[in-house]
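Some notes on the structure that comes next.
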Amino acid sequence: MSPRRHSSRHRLALALLAGLTLTACGGGGGGGATTGQPDAAPATPGGPMGRFAGEELVLSRWAGDPWTSGQKQAAAEWAKATGGTLDIDAVPYENLHDKQALTLTGAGGYDLLYVHPSWFGEFAKAGHLAPIDGYLADAKRNPSGFSADSYLPNVLAQGKYDGKQYCLPDFVSTTLLAYRKDVFDKAGLPAPQTLDDVAAAAAKLNGQDGMAGIALPGKRAGAVADIMGSLLTAQDNWWYGPDQKTTLDKAKAAKAIDFYVKAAKAAPSGVLNFHTDEAATAAAQGKAAMIISTTPSLHALEDPAKSATAGKWGYAPLAFTAGRPAGELIYWNWCVAAKSEHKDAAYSFLQWYTSGAQQAKVAIAAATAGGTKDFYTNQDVQAKLPFLTAMNQALTTSNPQPSLPTWPKAQDQIELAVQEAIQGKLTPDQAADAMFQAVQTTLGG
Amino acid sequence: MASRTRRRTGRGLGHAMLGPALLLLLALIIVPLVYSAGLSAYSWKLTDIDLPKQFAGLANYTRLLGDPTVRTAVLNTIVYVVAAVGCELVLGFVIAAALFEMTKGRRLANALILLPMIIAPVITALLWRYLLDPQFGLVAQVMGVFGAPSGIGWFGDQHLALPALIVVDIWQWTPFVILILHAGMLSIGQEQFEAASMDGASRLVVLRRIMLPAIVPQIMIVLLFRTMDTYRIFDTVFVLTKGGPGLATETIGLYTYRTGFSYFDMGYAMALSIFILVTVVLVSSVYIRLLRRREVLR
């Protein structure tokens, strides 16, 4: 072997090794069968139904506070009232689907599950979940007056598959408009009723008293698509139909984009890098007269510890036409596992946990709302979350976040089209066209 | 005879001792690499995990060549690499030379200078996110005090976002350049400086004719490592801009991640990964060739 060949080979090996090194990237069982008394009245008023002495439930969920610790507290209360036990198997969200799928396709082991909308259909179709229509309709399994009618119909419907109810909802949120009542009063402007009012007020208030007209998310991180979805829903349009083929109306998409562009022109500097928290911080610190964002982020506006503008905000649902509010339905699903040997006890916890009174406990800390009608009339919660009335109106006409496997790519392209329209690279019509192409390519239709 | 046996035993022992490291290398790098290369020949999405993989041959690679986002991402990446590495090298050399000249407080200065490098890139990104916040950031406040236009949305402006990311990289990684170049300067024989002094050479001449030529190997090492590192940039961009606004800061590493873990298009993501690997290896081999030529000349 010549020194020259050796040298080149050595060089190549060294380069390859350097490249390789630097490019390298990096439930328990459920115990015995049901032996409890599911019809037994609550031990205390407002407590869970039934007695389930010795029954051991396991609940699968993602790990994250304040929800996990709130649920642990609820589990302890449920155990004390019914005699059963409830262990919570909380794993990082990114591992949750795989762990649940493996457990459910194996011998089972979970009684209750948090099921994300994007895999709800998969689990229901595979028979991993137990239908609960019978439980919901059985007066003996529910507190007096409690039934399927106790839930917001549009929200409850998301836990239905093939005509059967599988899951109960909680931790609901949506997109809303918040506006500074004091600023509007000072400027002599009426409370905005429509998005045209919002755009006009944003343009008028922009730059006054060091404030932008409106703050809203502009970053490609999901919230832009949430707001675009609400703007489409407000025009009776949606990304796709029941056959999962696109139904996007280009003219309506262009109108929604046009609004977004107008709003962004009156937004704080750097809006294209704003996610919900940046938008909320700007609004809370008095840097914007209005904000459109998701409800958990709007909670920060009313927290005196974080907000210099607490108590000054009014709220309204998004609407292109007055009286036709719209939002996007963001929610969680709780379901009973088909292989659970403790379905009665599991339903007891599920019913009690998703009721308005229980939801109120976590709602104030987490700023997510309940899925039952009575939650929205709870005076204590109203006092802490003043946007509840507007939220309830928005939820009457709302579509759930798309739960298709191909959605993330479509969402990214939708947000890119909005950004390019804001940057002036595309007109609203061109951006709507790009959006249509992206949705059609990724979803079909 | 005995010495030959001893030599054989020694060689066998050497191989045996290398074995675990080679096995680790095989398991952690070679096997995933071969698997990735194989996967890049298939059209396979994580969303169709139950369906059989469709053999696609070189389709993912031809798609890559015609993908306009890849072109934008590669161009952004090249701008990022050239600007960041160039500035880091110049700044690093100047600061290393200043450190070399220091007689007092060199250790303290060294320790302070190295601080940015030991902070995790994600923390660095968050730090700069708050520093450059257009409403509440320190930079905006200071600019406001001096009457300059404050409230600039550095990461939200299509023309400023990439330069702002480059500044973050320069802040974090210039210390690495300083560290290597300063070590190179310290290894230069004192007699060379004494001779230059006796000949009446100016500081600039000493810098140009003695120090700079002496630390060329260190410069090549710095260029090699920083080029490879910046070419694969992901974490800072992901935290600060997510590739936006629009595609203004989309880099090839971020696009690969997005393709694999947001779009779940694993076959195409693997083709992009292999593309990154091949280009990194090609650039590295150029540097290594230059480095070896320099050693041969010496």
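Ordered as shown in the structure tokens, chains take letters A, B, and onward, while each chain numbers its residues from 1 and ligands are numbered from 1 in the order shown.
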- Using only C-alpha atoms, find the residues of chain B whose closest atom to chain A is at most 8 Å away, then write them as a ChimeraX atom specification. /B:29,47,134-135,151-158,228-229,232,241-242,244-247,262-263,277,280-282,284-285,288-289
Could those selected residues go to a file with N, CA and C atoms, as an mmCIF file, in the first residue's frame?
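And here's selection_12.cif as it stands now:
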data_model
loop_
_atom_site.group_PDB
_atom_site.id
_atom_site.type_symbol
_atom_site.label_atom_id
_atom_site.label_comp_id
_atom_site.auth_asym_id
_atom_site.auth_seq_id
_atom_site.Cartn_x
_atom_site.Cartn_y
_atom_site.Cartn_z
ATOM 1 N N ILE B 29 -23.486 4.083 16.391
ATOM 2 C CA ILE B 29 -23.345 4.971 15.228
ATOM 3 C C ILE B 29 -23.546 4.228 13.903
ATOM 4 N N THR B 47 -47.302 7.930 10.526
ATOM 5 C CA THR B 47 -48.759 7.854 10.646
ATOM 6 C C THR B 47 -49.309 6.597 9.976
ATOM 7 N N PRO B 134 -38.841 42.718 22.143
ATOM 8 C CA PRO B 134 -39.050 44.089 21.652
ATOM 9 C C PRO B 134 -39.758 45.001 22.655
ATOM 10 N N GLN B 135 -40.542 44.429 23.562
ATOM 11 C CA GLN B 135 -41.263 45.272 24.517
ATOM 12 C C GLN B 135 -40.513 45.433 25.839
ATOM 13 N N GLY B 151 -37.981 48.760 20.626
ATOM 14 C CA GLY B 151 -39.128 47.958 20.184
ATOM 15 C C GLY B 151 -38.913 47.263 18.854
ATOM 16 N N ILE B 152 -37.648 46.949 18.555
ATOM 17 C CA ILE B 152 -37.399 46.207 17.306
ATOM 18 C C ILE B 152 -37.658 44.721 17.559
ATOM 19 N N GLY B 153 -38.482 44.131 16.730
ATOM 20 C CA GLY B 153 -38.775 42.698 16.884
ATOM 21 C C GLY B 153 -37.708 41.885 16.179
ATOM 22 N N TRP B 154 -36.589 41.704 16.841
ATOM 23 C CA TRP B 154 -35.432 41.073 16.203
ATOM 24 C C TRP B 154 -35.773 39.709 15.606
ATOM 25 N N PHE B 155 -36.423 38.879 16.397
ATOM 26 C CA PHE B 155 -36.699 37.521 15.912
ATOM 27 C C PHE B 155 -38.010 37.445 15.121
ATOM 28 N N GLY B 156 -38.747 38.534 15.100
ATOM 29 C CA GLY B 156 -40.014 38.533 14.368
ATOM 30 C C GLY B 156 -39.925 39.293 13.058
ATOM 31 N N ASP B 157 -38.722 39.731 12.694
ATOM 32 C CA ASP B 157 -38.540 40.479 11.455
ATOM 33 C C ASP B 157 -37.797 39.596 10.454
ATOM 34 N N GLN B 158 -38.350 39.500 9.252
ATOM 35 C CA GLN B 158 -37.760 38.572 8.274
ATOM 36 C C GLN B 158 -36.318 38.935 7.891
ATOM 37 N N MET B 228 -18.886 22.269 11.333
ATOM 38 C CA MET B 228 -19.774 21.110 11.483
ATOM 39 C C MET B 228 -20.901 21.421 12.462
ATOM 40 N N ASP B 229 -20.551 22.112 13.547
ATOM 41 C CA ASP B 229 -21.548 22.435 14.570
ATOM 42 C C ASP B 229 -22.620 23.389 14.045
ATOM 43 N N ARG B 232 -25.164 22.050 11.533
ATOM 44 C CA ARG B 232 -26.255 21.217 12.069
ATOM 45 C C ARG B 232 -27.135 21.986 13.045
ATOM 46 N N THR B 241 -37.006 30.905 17.048
ATOM 47 C CA THR B 241 -37.853 31.326 15.909
ATOM 48 C C THR B 241 -38.661 30.206 15.272
ATOM 49 N N LYS B 242 -38.339 28.975 15.568
ATOM 50 C CA LYS B 242 -38.980 27.828 14.909
ATOM 51 C C LYS B 242 -38.901 27.948 13.383
ATOM 52 N N GLY B 244 -39.044 30.654 11.595
ATOM 53 C CA GLY B 244 -39.746 31.822 11.049
ATOM 54 C C GLY B 244 -38.962 33.088 11.223
ATOM 55 N N PRO B 245 -39.537 34.238 10.884
ATOM 56 C CA PRO B 245 -40.846 34.375 10.243
ATOM 57 C C PRO B 245 -40.821 33.829 8.808
ATOM 58 N N GLY B 246 -41.900 33.207 8.410
ATOM 59 C CA GLY B 246 -41.911 32.511 7.120
ATOM 60 C C GLY B 246 -40.832 31.447 7.147
ATOM 61 N N LEU B 247 -39.923 31.511 6.191
ATOM 62 C CA LEU B 247 -38.811 30.554 6.168
ATOM 63 C C LEU B 247 -37.478 31.277 6.387
ATOM 64 N N SER B 262 -42.666 16.369 12.839
ATOM 65 C CA SER B 262 -43.936 17.097 12.746
ATOM 66 C C SER B 262 -44.768 16.540 11.598
ATOM 67 N N TYR B 263 -44.084 16.249 10.481
ATOM 68 C CA TYR B 263 -44.815 15.712 9.326
ATOM 69 C C TYR B 263 -44.819 14.176 9.334
ATOM 70 N N LEU B 277 -25.256 14.515 6.481
ATOM 71 C CA LEU B 277 -24.050 13.750 6.812
ATOM 72 C C LEU B 277 -23.023 13.842 5.689
ATOM 73 N N VAL B 280 -21.494 17.289 5.429
ATOM 74 C CA VAL B 280 -20.586 17.540 6.561
ATOM 75 C C VAL B 280 -19.270 16.793 6.347
ATOM 76 N N VAL B 281 -19.365 15.546 5.889
ATOM 77 C CA VAL B 281 -18.153 14.745 5.665
ATOM 78 C C VAL B 281 -17.301 15.374 4.559
ATOM 79 N N LEU B 282 -17.952 15.845 3.502
ATOM 80 C CA LEU B 282 -17.203 16.457 2.401
ATOM 81 C C LEU B 282 -16.456 17.708 2.864
ATOM 82 N N SER B 284 -15.666 18.490 5.922
ATOM 83 C CA SER B 284 -14.659 18.087 6.911
ATOM 84 C C SER B 284 -13.415 17.559 6.218
ATOM 85 N N SER B 285 -13.604 16.777 5.164
ATOM 86 C CA SER B 285 -12.435 16.183 4.506
ATOM 87 C C SER B 285 -11.579 17.265 3.851
ATOM 88 N N ILE B 288 -9.589 18.673 6.713
ATOM 89 C CA ILE B 288 -8.569 17.721 7.177
ATOM 90 C C ILE B 288 -7.428 17.647 6.164
ATOM 91 N N ARG B 289 -7.783 17.706 4.888
ATOM 92 C CA ARG B 289 -6.749 17.686 3.849
ATOM 93 C C ARG B 289 -5.830 18.910 4.002
#
- Near-Ile291 of chain A list (6 Å; only C-alpha atoms; drop same-chain fewer than 3 positions) as a list of chain:residue names: A:Leu177, A:Ala178, A:Ile214, A:Ala215, A:Leu216
Resulting file, chosen residues, C-alpha atoms, as a PDB file, in the first residue's frame:
ATOM      1  CA  LEU A 177     -61.045  38.370  22.013  1.00  0.00           C
ATOM      2  CA  ALA A 178     -60.175  40.459  25.081  1.00  0.00           C
ATOM      3  CA  ILE A 214     -53.953  44.367  19.269  1.00  0.00           C
ATOM      4  CA  ALA A 215     -51.687  41.469  20.275  1.00  0.00           C
ATOM      5  CA  LEU A 216     -52.116  38.030  18.781  1.00  0.00           C
TER       6      LEU A 216
END
- Task: Using only C-alpha atoms, determine which residues lie at most 10 Å from Pro131 of chain A, disregarding the query and same-chain residues fewer than 4 positions distant; provide the list as JSON, numbers by chain.
- Result: {"A": [124, 127, 135, 136, 159, 160, 161, 163, 164, 165, 166, 167, 335, 336, 337, 338]}
Those selected residues, please, written with C-alpha atoms and delivered as a PDB file, in the first residue's frame.
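So part.pdb came out as:
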ATOM      1  CA  ALA A 124     -62.243   3.479  19.727  1.00  0.00           C
ATOM      2  CA  GLY A 127     -62.018  -1.666  20.689  1.00  0.00           C
ATOM      3  CA  TYR A 135     -73.941   4.437  32.522  1.00  0.00           C
ATOM      4  CA  LEU A 136     -74.851   7.974  31.476  1.00  0.00           C
ATOM      5  CA  GLY A 159     -66.192  11.644  22.755  1.00  0.00           C
ATOM      6  CA  LYS A 160     -68.593   9.803  20.459  1.00  0.00           C
ATOM      7  CA  TYR A 161     -67.486   7.237  17.897  1.00  0.00           C
ATOM      8  CA  GLY A 163     -72.813   6.411  17.404  1.00  0.00           C
ATOM      9  CA  LYS A 164     -71.554   5.368  20.856  1.00  0.00           C
ATOM     10  CA  GLN A 165     -70.391   7.632  23.666  1.00  0.00           C
ATOM     11  CA  TYR A 166     -66.964   6.539  24.899  1.00  0.00           C
ATOM     12  CA  CYS A 167     -65.506   9.493  26.741  1.00  0.00           C
ATOM     13  CA  CYS A 335     -62.446   7.223  28.807  1.00  0.00           C
ATOM     14  CA  VAL A 336     -63.007   3.815  30.460  1.00  0.00           C
ATOM     15  CA  ALA A 337     -60.802   0.975  29.173  1.00  0.00           C
ATOM     16  CA  ALA A 338     -62.639  -1.931  27.540  1.00  0.00           C
TER      17      ALA A 338
END
- Please provide the set of residues having any atom within 12 Å of segment 195-201 of chain A, restricted to only C-alpha atoms, with same-chain residues fewer than 5 positions apart removed, written as a VMD selection string. chain A and resid 176 to 180 183 to 185 187 to 190 206 to 208 212 to 215 230 to 231 234 to 235 255 to 267 288 to 292 316 to 326
- Task: Return as a ChimeraX atom specification the full set of residues in segment 91-270 of chain B whose backbone-based DSSP assignment is helix (DSSP H, G or I).
- Result: /B:91-101,106-118,121-131,138-145,154-156,161-186,190-198,203-214,216-231,235-240,252-261,266-270
- Item | Members of segment 227-308 of chain A assigned strand (DSSP E or B) by DSSP, as a VMD selection string | chain A and resid 240 246 288 290 to 294
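The list of residues with at least one atom within 9 Å of segment 222-225 of chain B, based on only C-alpha atoms and without residues fewer than 4 positions apart in the same chain, reads Ala18 and Leu22 of chain A; Val85, Gly86, Leu89, Phe176, Val177, Ile180, Leu181, Pro217, Gln218, Asp229, Thr230, Val283, Ser284, Tyr287 and Ile288 of chain B.
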Write a file of the selected residues as a PDB file, in the first residue's frame, keeping N, CA and C atoms.
ATOM      1  N   ALA A  18     -15.320  11.999  12.141  1.00  0.00           N
ATOM      2  CA  ALA A  18     -15.679  13.312  12.698  1.00  0.00           C
ATOM      3  C   ALA A  18     -17.115  13.652  12.360  1.00  0.00           C
ATOM      4  N   LEU A  22     -20.172  13.919  15.115  1.00  0.00           N
ATOM      5  CA  LEU A  22     -20.851  15.196  15.328  1.00  0.00           C
ATOM      6  C   LEU A  22     -22.273  15.222  14.794  1.00  0.00           C
TER       7      LEU A  22
ATOM      8  N   VAL B  85     -19.186  31.526  11.814  1.00  0.00           N
ATOM      9  CA  VAL B  85     -17.825  30.999  11.977  1.00  0.00           C
ATOM     10  C   VAL B  85     -16.793  32.090  11.662  1.00  0.00           C
ATOM     11  N   GLY B  86     -17.053  32.876  10.629  1.00  0.00           N
ATOM     12  CA  GLY B  86     -16.123  33.958  10.266  1.00  0.00           C
ATOM     13  C   GLY B  86     -15.964  34.948  11.410  1.00  0.00           C
ATOM     14  N   LEU B  89     -14.189  33.453  14.421  1.00  0.00           N
ATOM     15  CA  LEU B  89     -12.754  33.282  14.216  1.00  0.00           C
ATOM     16  C   LEU B  89     -12.017  34.616  14.415  1.00  0.00           C
ATOM     17  N   PHE B 176     -15.127  29.308  22.658  1.00  0.00           N
ATOM     18  CA  PHE B 176     -14.488  28.053  22.233  1.00  0.00           C
ATOM     19  C   PHE B 176     -13.280  28.367  21.347  1.00  0.00           C
ATOM     20  N   VAL B 177     -13.467  29.327  20.451  1.00  0.00           N
ATOM     21  CA  VAL B 177     -12.380  29.723  19.546  1.00  0.00           C
ATOM     22  C   VAL B 177     -11.237  30.330  20.368  1.00  0.00           C
ATOM     23  N   ILE B 180      -9.164  27.573  22.175  1.00  0.00           N
ATOM     24  CA  ILE B 180      -8.250  26.798  21.325  1.00  0.00           C
ATOM     25  C   ILE B 180      -7.094  27.681  20.829  1.00  0.00           C
ATOM     26  N   LEU B 181      -7.426  28.869  20.352  1.00  0.00           N
ATOM     27  CA  LEU B 181      -6.366  29.728  19.798  1.00  0.00           C
ATOM     28  C   LEU B 181      -5.401  30.203  20.888  1.00  0.00           C
ATOM     29  N   PRO B 217      -2.695  25.328  12.605  1.00  0.00           N
ATOM     30  CA  PRO B 217      -3.380  24.053  12.905  1.00  0.00           C
ATOM     31  C   PRO B 217      -4.574  24.250  13.846  1.00  0.00           C
ATOM     32  N   GLN B 218      -4.410  25.099  14.843  1.00  0.00           N
ATOM     33  CA  GLN B 218      -5.530  25.349  15.775  1.00  0.00           C
ATOM     34  C   GLN B 218      -6.693  26.037  15.049  1.00  0.00           C
ATOM     35  N   ASP B 229     -20.551  22.112  13.547  1.00  0.00           N
ATOM     36  CA  ASP B 229     -21.548  22.435  14.570  1.00  0.00           C
ATOM     37  C   ASP B 229     -22.620  23.389  14.045  1.00  0.00           C
ATOM     38  N   THR B 230     -22.180  24.447  13.391  1.00  0.00           N
ATOM     39  CA  THR B 230     -23.151  25.444  12.918  1.00  0.00           C
ATOM     40  C   THR B 230     -23.971  24.898  11.754  1.00  0.00           C
ATOM     41  N   VAL B 283     -17.169  18.563   3.583  1.00  0.00           N
ATOM     42  CA  VAL B 283     -16.531  19.800   4.066  1.00  0.00           C
ATOM     43  C   VAL B 283     -15.412  19.451   5.048  1.00  0.00           C
ATOM     44  N   SER B 284     -15.666  18.490   5.922  1.00  0.00           N
ATOM     45  CA  SER B 284     -14.659  18.087   6.911  1.00  0.00           C
ATOM     46  C   SER B 284     -13.415  17.559   6.218  1.00  0.00           C
ATOM     47  N   TYR B 287     -11.180  20.316   5.094  1.00  0.00           N
ATOM     48  CA  TYR B 287     -10.422  20.889   6.209  1.00  0.00           C
ATOM     49  C   TYR B 287      -9.275  19.965   6.615  1.00  0.00           C
ATOM     50  N   ILE B 288      -9.589  18.673   6.713  1.00  0.00           N
ATOM     51  CA  ILE B 288      -8.569  17.721   7.177  1.00  0.00           C
ATOM     52  C   ILE B 288      -7.428  17.647   6.164  1.00  0.00           C
TER      53      ILE B 288
END
- Message: Just want the 12 Å neighbourhood of Val155 of chain A, counted on only C-alpha atoms, with same-chain residues fewer than 4 positions away dropped. Output as a ChimeraX atom specification.
- Response: /A:117,148-151,159-160,165,167-174,328-333,369-373,392,394-401
- Query: Can you list, as a PyMOL selection string, every protein, DNA or RNA residue that comes within 12 Å of Trp173 of chain B when you count only C-alpha atoms, leaving out same-chain residues fewer than 2 positions away?
  - Reply: chain B and resi 84-89+91-92+113-121+124+166-171+175-180+222-223+225-227+229-230
